[in-house]
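Inspection log for the structure reproduced underneath, given as structure tokens.
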Amino acid sequence: MANIFITGVTGFLGGELLIDLSKRKDIDKIYCLIRAESEKTASKRLSYIFSFHEDHLNLDKIIPIIGDLTEEDLSSRLIADKRLSDVNLIVHAAANTSFSPIYDKMVEQVNIHGLEKILNWSKTLKKLKTFLYIGTATICGKETTNRLIKEEESPNVNVKHLVRYTYTKMMGELLLKQYLPEEKILIARPSIIMGDSRQWVPRSYVIMWALASINFLRLVPVNSNASLDIIPVDYASSAIVKLLFSEKRKYNVYHISAGSKSATTLLMLTRAIESYFPDKPTFNFIDRELTREVKLWARKKLNGNNALKNYTEYLNYWNREMEDSGDLRILMGGLDPYLSFIELGQVFDNTRLQQDTDAGFPEPAHEYIKRSVQFIENIDIFEAALEP
Ligand SMILES: NC(=O)c1ccc[n+]([C@@H]2O[C@H](COP(=O)([O-])OP(=O)(O)OC[C@H]3O[C@@H](n4cnc5c(N)ncnc54)[C@H](OP(=O)(O)O)[C@@H]3O)[C@@H](O)[C@H]2O)c1
């Protein structure tokens, strides 16, 4: 029987992982590291995850462990906790996923030093079989563009990153090797997780916020033909759980991705949703370099001869839709790193996952997104832009 310790369960992917794991009969206990002030609030946070799925929380099986990855004495507290001595599987899904440079320090603290604390404790576990680290496929750097990328190309400390977040996720993979023997390490690298392919409101608007913002803007400075590797959270979670329990596993690292078969493009995604919003101007994509002009327009400082003046339909629409053009600055600030990721055209090979599990291929994002159209419309894009 497995005794699991899992982090990040209150998050987008972690919540799905917890639900999927809780359904398995070969798992005895699932200890969940949760940020909370008391046992009561921790249990409340857990209950919310289960009620979201109209599921029942069994506190005999799912046990909250209060803790924060930034806590100084986290390792020693976990070592001293007798309940955890039988843990044989660790799933580390917690991370600070912010792309904004304002949070760079915190991103490092959580994703590198927080992981170090879990690893320090994990070394002391006599029964530990597997440490599953949820990494990210996008650690391959900003110079790897417009092609299919294989697992063995990363980690490479020489690549340049678009944001600190991906750097810290890459460093996390390297840290694992310093603490644990190869045979105990399993790294699952999801590509971009957006929405849910089931017919319900997805658990989180993370990433979907970018699509909602693009849907609002309609005139977007990005290459809409670049390939995009996007998967829904339900597929990501079930593929990861299948991988964790697969007896055919031969590698330490696996992409959890759409791959060439299910990849999409922004053009296909926007075409899929366009007809649901007949009152908006049609989607139009312009050169990424025009971001500067869009930002200047938002600051009311766009003068003279500029390319944006050819798009008056969109400028009038923005004027109508936004009381304050400063809102556009906030939106573009949050969207900037997402547009840069879109332009990379990275697709992640998933042959390993196909061979070693029966996870199959995800439904392409331009198909399942049609079931989330109402949700896209309800995202408060301006509020979310302040917390990118
Ligand atoms: N979303 C994607 O597109 C994507 C793609 C590839 C890989 N991933 C990876 O998948 C994992 C989950 O991502 P996600 O999108 O589900 O993120 P998320 O929704 O932002 O969830 C992050 C989780 O980490 C927890 N956490 C953050 N800081 C913490 C701290 N100091 N101490 C303890 N827990 C902390 C959060 O707890 P609170 O609720 O208390 O804040 C939350 O449970 C991450 O490792 C991420 O790198 C995500």
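Residue names in the structure tokens use chain letters A, B, ... in the order shown, residue numbers from 1 in each chain, and ligand numbers from 1 in the order shown.
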If DSSP is run on the backbone, what residues of region 156-196 of chain A are alpha helix (DSSP H)? A reply as a ChimeraX atom specification would be ideal. /A:164-179
Could you please take those selected residues and save N, CA and C atoms as a PDB file, in the first residue's frame?
```
ATOM      1  N   ARG A 164      11.817  34.077 -14.419  1.00  0.00           N
ATOM      2  CA  ARG A 164      12.551  33.420 -13.329  1.00  0.00           C
ATOM      3  C   ARG A 164      11.913  32.079 -12.950  1.00  0.00           C
ATOM      4  N   TYR A 165      10.594  32.030 -13.079  1.00  0.00           N
ATOM      5  CA  TYR A 165       9.846  30.816 -12.711  1.00  0.00           C
ATOM      6  C   TYR A 165      10.410  29.575 -13.401  1.00  0.00           C
ATOM      7  N   THR A 166      10.622  29.647 -14.723  1.00  0.00           N
ATOM      8  CA  THR A 166      11.094  28.439 -15.431  1.00  0.00           C
ATOM      9  C   THR A 166      12.523  28.098 -15.015  1.00  0.00           C
ATOM     10  N   TYR A 167      13.317  29.141 -14.724  1.00  0.00           N
ATOM     11  CA  TYR A 167      14.682  28.897 -14.229  1.00  0.00           C
ATOM     12  C   TYR A 167      14.627  28.106 -12.912  1.00  0.00           C
ATOM     13  N   THR A 168      13.735  28.518 -12.019  1.00  0.00           N
ATOM     14  CA  THR A 168      13.673  27.837 -10.711  1.00  0.00           C
ATOM     15  C   THR A 168      13.170  26.399 -10.866  1.00  0.00           C
ATOM     16  N   LYS A 169      12.278  26.183 -11.815  1.00  0.00           N
ATOM     17  CA  LYS A 169      11.773  24.813 -12.028  1.00  0.00           C
ATOM     18  C   LYS A 169      12.885  23.924 -12.592  1.00  0.00           C
ATOM     19  N   MET A 170      13.751  24.515 -13.412  1.00  0.00           N
ATOM     20  CA  MET A 170      14.891  23.761 -13.938  1.00  0.00           C
ATOM     21  C   MET A 170      15.879  23.451 -12.803  1.00  0.00           C
ATOM     22  N   MET A 171      16.134  24.449 -11.976  1.00  0.00           N
ATOM     23  CA  MET A 171      17.063  24.237 -10.858  1.00  0.00           C
ATOM     24  C   MET A 171      16.524  23.168  -9.908  1.00  0.00           C
ATOM     25  N   GLY A 172      15.220  23.110  -9.776  1.00  0.00           N
ATOM     26  CA  GLY A 172      14.584  22.083  -8.939  1.00  0.00           C
ATOM     27  C   GLY A 172      14.970  20.685  -9.407  1.00  0.00           C
ATOM     28  N   GLU A 173      14.939  20.477 -10.715  1.00  0.00           N
ATOM     29  CA  GLU A 173      15.307  19.155 -11.252  1.00  0.00           C
ATOM     30  C   GLU A 173      16.745  18.807 -10.885  1.00  0.00           C
ATOM     31  N   LEU A 174      17.617  19.798 -10.949  1.00  0.00           N
ATOM     32  CA  LEU A 174      19.031  19.535 -10.637  1.00  0.00           C
ATOM     33  C   LEU A 174      19.213  19.238  -9.145  1.00  0.00           C
ATOM     34  N   LEU A 175      18.427  19.934  -8.327  1.00  0.00           N
ATOM     35  CA  LEU A 175      18.500  19.719  -6.870  1.00  0.00           C
ATOM     36  C   LEU A 175      18.154  18.282  -6.493  1.00  0.00           C
ATOM     37  N   LEU A 176      17.113  17.754  -7.155  1.00  0.00           N
ATOM     38  CA  LEU A 176      16.665  16.387  -6.846  1.00  0.00           C
ATOM     39  C   LEU A 176      17.838  15.412  -6.901  1.00  0.00           C
ATOM     40  N   LYS A 177      18.663  15.588  -7.936  1.00  0.00           N
ATOM     41  CA  LYS A 177      19.782  14.660  -8.144  1.00  0.00           C
ATOM     42  C   LYS A 177      20.841  14.774  -7.063  1.00  0.00           C
ATOM     43  N   GLN A 178      20.893  15.934  -6.412  1.00  0.00           N
ATOM     44  CA  GLN A 178      21.876  16.095  -5.322  1.00  0.00           C
ATOM     45  C   GLN A 178      21.434  15.377  -4.047  1.00  0.00           C
ATOM     46  N   TYR A 179      20.144  15.164  -3.922  1.00  0.00           N
ATOM     47  CA  TYR A 179      19.618  14.622  -2.663  1.00  0.00           C
ATOM     48  C   TYR A 179      19.243  13.146  -2.725  1.00  0.00           C
TER      49      TYR A 179
END
```
Taking only C-alpha atoms and all ligand atoms and a cut-off of 6 Å, can you tell me which residues surround ligand 1, written as an mmCIF file with N, CA and C atoms, in the first residue's frame?
```cif
data_model
loop_
_atom_site.group_PDB
_atom_site.id
_atom_site.type_symbol
_atom_site.label_atom_id
_atom_site.label_comp_id
_atom_site.auth_asym_id
_atom_site.auth_seq_id
_atom_site.Cartn_x
_atom_site.Cartn_y
_atom_site.Cartn_z
ATOM 1 N N GLY A 8 0.874 21.235 -2.626
ATOM 2 C CA GLY A 8 0.200 21.991 -3.697
ATOM 3 C C GLY A 8 -1.229 21.565 -3.987
ATOM 4 N N VAL A 9 -1.872 20.842 -3.052
ATOM 5 C CA VAL A 9 -3.226 20.329 -3.342
ATOM 6 C C VAL A 9 -4.284 21.418 -3.486
ATOM 7 N N THR A 10 -4.014 22.599 -2.935
ATOM 8 C CA THR A 10 -5.012 23.669 -3.071
ATOM 9 C C THR A 10 -4.880 24.374 -4.420
ATOM 10 N N GLY A 11 -3.910 23.950 -5.220
ATOM 11 C CA GLY A 11 -3.696 24.588 -6.517
ATOM 12 C C GLY A 11 -4.463 23.907 -7.639
ATOM 13 N N PHE A 12 -4.275 24.424 -8.827
ATOM 14 C CA PHE A 12 -4.990 23.989 -10.032
ATOM 15 C C PHE A 12 -4.728 22.505 -10.320
ATOM 16 N N LEU A 13 -3.474 22.159 -10.503
ATOM 17 C CA LEU A 13 -3.144 20.763 -10.809
ATOM 18 C C LEU A 13 -3.186 19.885 -9.554
ATOM 19 N N GLY A 14 -2.645 20.399 -8.443
ATOM 20 C CA GLY A 14 -2.562 19.606 -7.214
ATOM 21 C C GLY A 14 -3.928 19.133 -6.734
ATOM 22 N N ARG A 35 -1.053 25.288 3.535
ATOM 23 C CA ARG A 35 -0.852 26.527 4.286
ATOM 24 C C ARG A 35 -2.155 26.865 5.000
ATOM 25 N N ASP A 68 4.290 25.562 5.478
ATOM 26 C CA ASP A 68 4.573 26.526 4.414
ATOM 27 C C ASP A 68 5.993 26.261 3.941
ATOM 28 N N LEU A 69 6.175 26.256 2.634
ATOM 29 C CA LEU A 69 7.512 25.943 2.094
ATOM 30 C C LEU A 69 8.550 27.013 2.440
ATOM 31 N N THR A 70 8.101 28.163 2.885
ATOM 32 C CA THR A 70 9.056 29.206 3.238
ATOM 33 C C THR A 70 9.425 29.157 4.729
ATOM 34 N N ALA A 93 3.952 19.103 -5.884
ATOM 35 C CA ALA A 93 3.275 19.887 -6.933
ATOM 36 C C ALA A 93 3.221 21.368 -6.581
ATOM 37 N N ALA A 94 3.587 21.725 -5.341
ATOM 38 C CA ALA A 94 3.500 23.138 -4.951
ATOM 39 C C ALA A 94 4.581 23.941 -5.646
ATOM 40 N N ALA A 95 4.236 25.145 -6.007
ATOM 41 C CA ALA A 95 5.219 26.065 -6.597
ATOM 42 C C ALA A 95 4.618 27.452 -6.592
ATOM 43 N N ASN A 96 5.495 28.444 -6.662
ATOM 44 C CA ASN A 96 5.009 29.783 -6.943
ATOM 45 C C ASN A 96 5.138 29.945 -8.458
ATOM 46 N N THR A 97 4.009 30.112 -9.140
ATOM 47 C CA THR A 97 4.004 30.052 -10.604
ATOM 48 C C THR A 97 3.952 31.445 -11.247
ATOM 49 N N VAL A 110 10.316 29.720 -2.789
ATOM 50 C CA VAL A 110 9.391 28.581 -2.748
ATOM 51 C C VAL A 110 9.895 27.439 -3.630
ATOM 52 N N ILE A 134 6.796 17.642 -9.845
ATOM 53 C CA ILE A 134 6.074 18.221 -10.985
ATOM 54 C C ILE A 134 6.912 19.391 -11.492
ATOM 55 N N GLY A 135 7.542 19.159 -12.607
ATOM 56 C CA GLY A 135 8.376 20.209 -13.207
ATOM 57 C C GLY A 135 7.580 20.971 -14.239
ATOM 58 N N THR A 136 8.258 21.500 -15.222
ATOM 59 C CA THR A 136 7.545 22.098 -16.345
ATOM 60 C C THR A 136 8.360 21.879 -17.612
ATOM 61 N N PRO A 190 4.664 18.792 -17.212
ATOM 62 C CA PRO A 190 3.515 19.209 -18.032
ATOM 63 C C PRO A 190 3.914 20.369 -18.945
ATOM 64 N N SER A 191 3.208 20.494 -20.065
ATOM 65 C CA SER A 191 3.460 21.647 -20.946
ATOM 66 C C SER A 191 2.670 22.832 -20.384
ATOM 67 N N ILE A 192 1.692 23.332 -21.100
ATOM 68 C CA ILE A 192 0.869 24.432 -20.557
ATOM 69 C C ILE A 192 -0.482 23.835 -20.184
ATOM 70 N N ILE A 193 -0.847 23.997 -18.905
ATOM 71 C CA ILE A 193 -2.132 23.434 -18.470
ATOM 72 C C ILE A 193 -3.175 24.554 -18.494
#
```
What's around region 298-308 of chain A at 10 Å? Count only C-alpha atoms, leave out sequence neighbours fewer than 5 positions away in its own chain, and write the answer as a ChimeraX atom specification. /A:219,286-287,290-293,314-315,318-319,324-330,332
CA of Arg218 (chain A) to CA of Asp380 (chain A), distance in Å rounded to a single decimal: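 Here the two named atoms are 16.3 Å from each other.
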What does the distance from CA of Phe99 (chain A) to CA of His53 (chain A) come to in Å, to one decimal?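 Calculated distance between CA of Phe99 (chain A) and CA of His53 (chain A) is 28.8 Å.
Among the candidates A:Leu353, A:Leu267, A:Ala239, A:Val294, the residue lying nearest to Leu217 (chain A) is A:Val294 (atoms considered: only C-alpha atoms).
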Please list as a tab-separated table (two decimals) with N, CA and C atoms, in the first residue's frame every residue within 9 Å of Glu367 (chain A), counting only C-alpha atoms and excluding residues in the same chain fewer than 4 positions away.
```tsv
chain	number	residue	atom	x	y	z
A	197	SER	N	-11.20	19.68	-19.72
A	197	SER	CA	-11.94	19.21	-20.91
A	197	SER	C	-13.32	18.68	-20.53
A	269	LEU	N	-7.32	28.36	-31.72
A	269	LEU	CA	-8.05	28.57	-30.47
A	269	LEU	C	-9.04	29.73	-30.60
A	272	ALA	N	-11.95	28.94	-32.72
A	272	ALA	CA	-12.91	28.05	-32.06
A	272	ALA	C	-13.91	28.84	-31.21
A	363	GLU	N	-7.33	15.74	-25.79
A	363	GLU	CA	-8.15	16.39	-26.83
A	363	GLU	C	-7.49	17.74	-27.12
A	371	ARG	N	-16.17	24.15	-24.78
A	371	ARG	CA	-17.04	23.84	-23.64
A	371	ARG	C	-16.83	24.83	-22.48
```
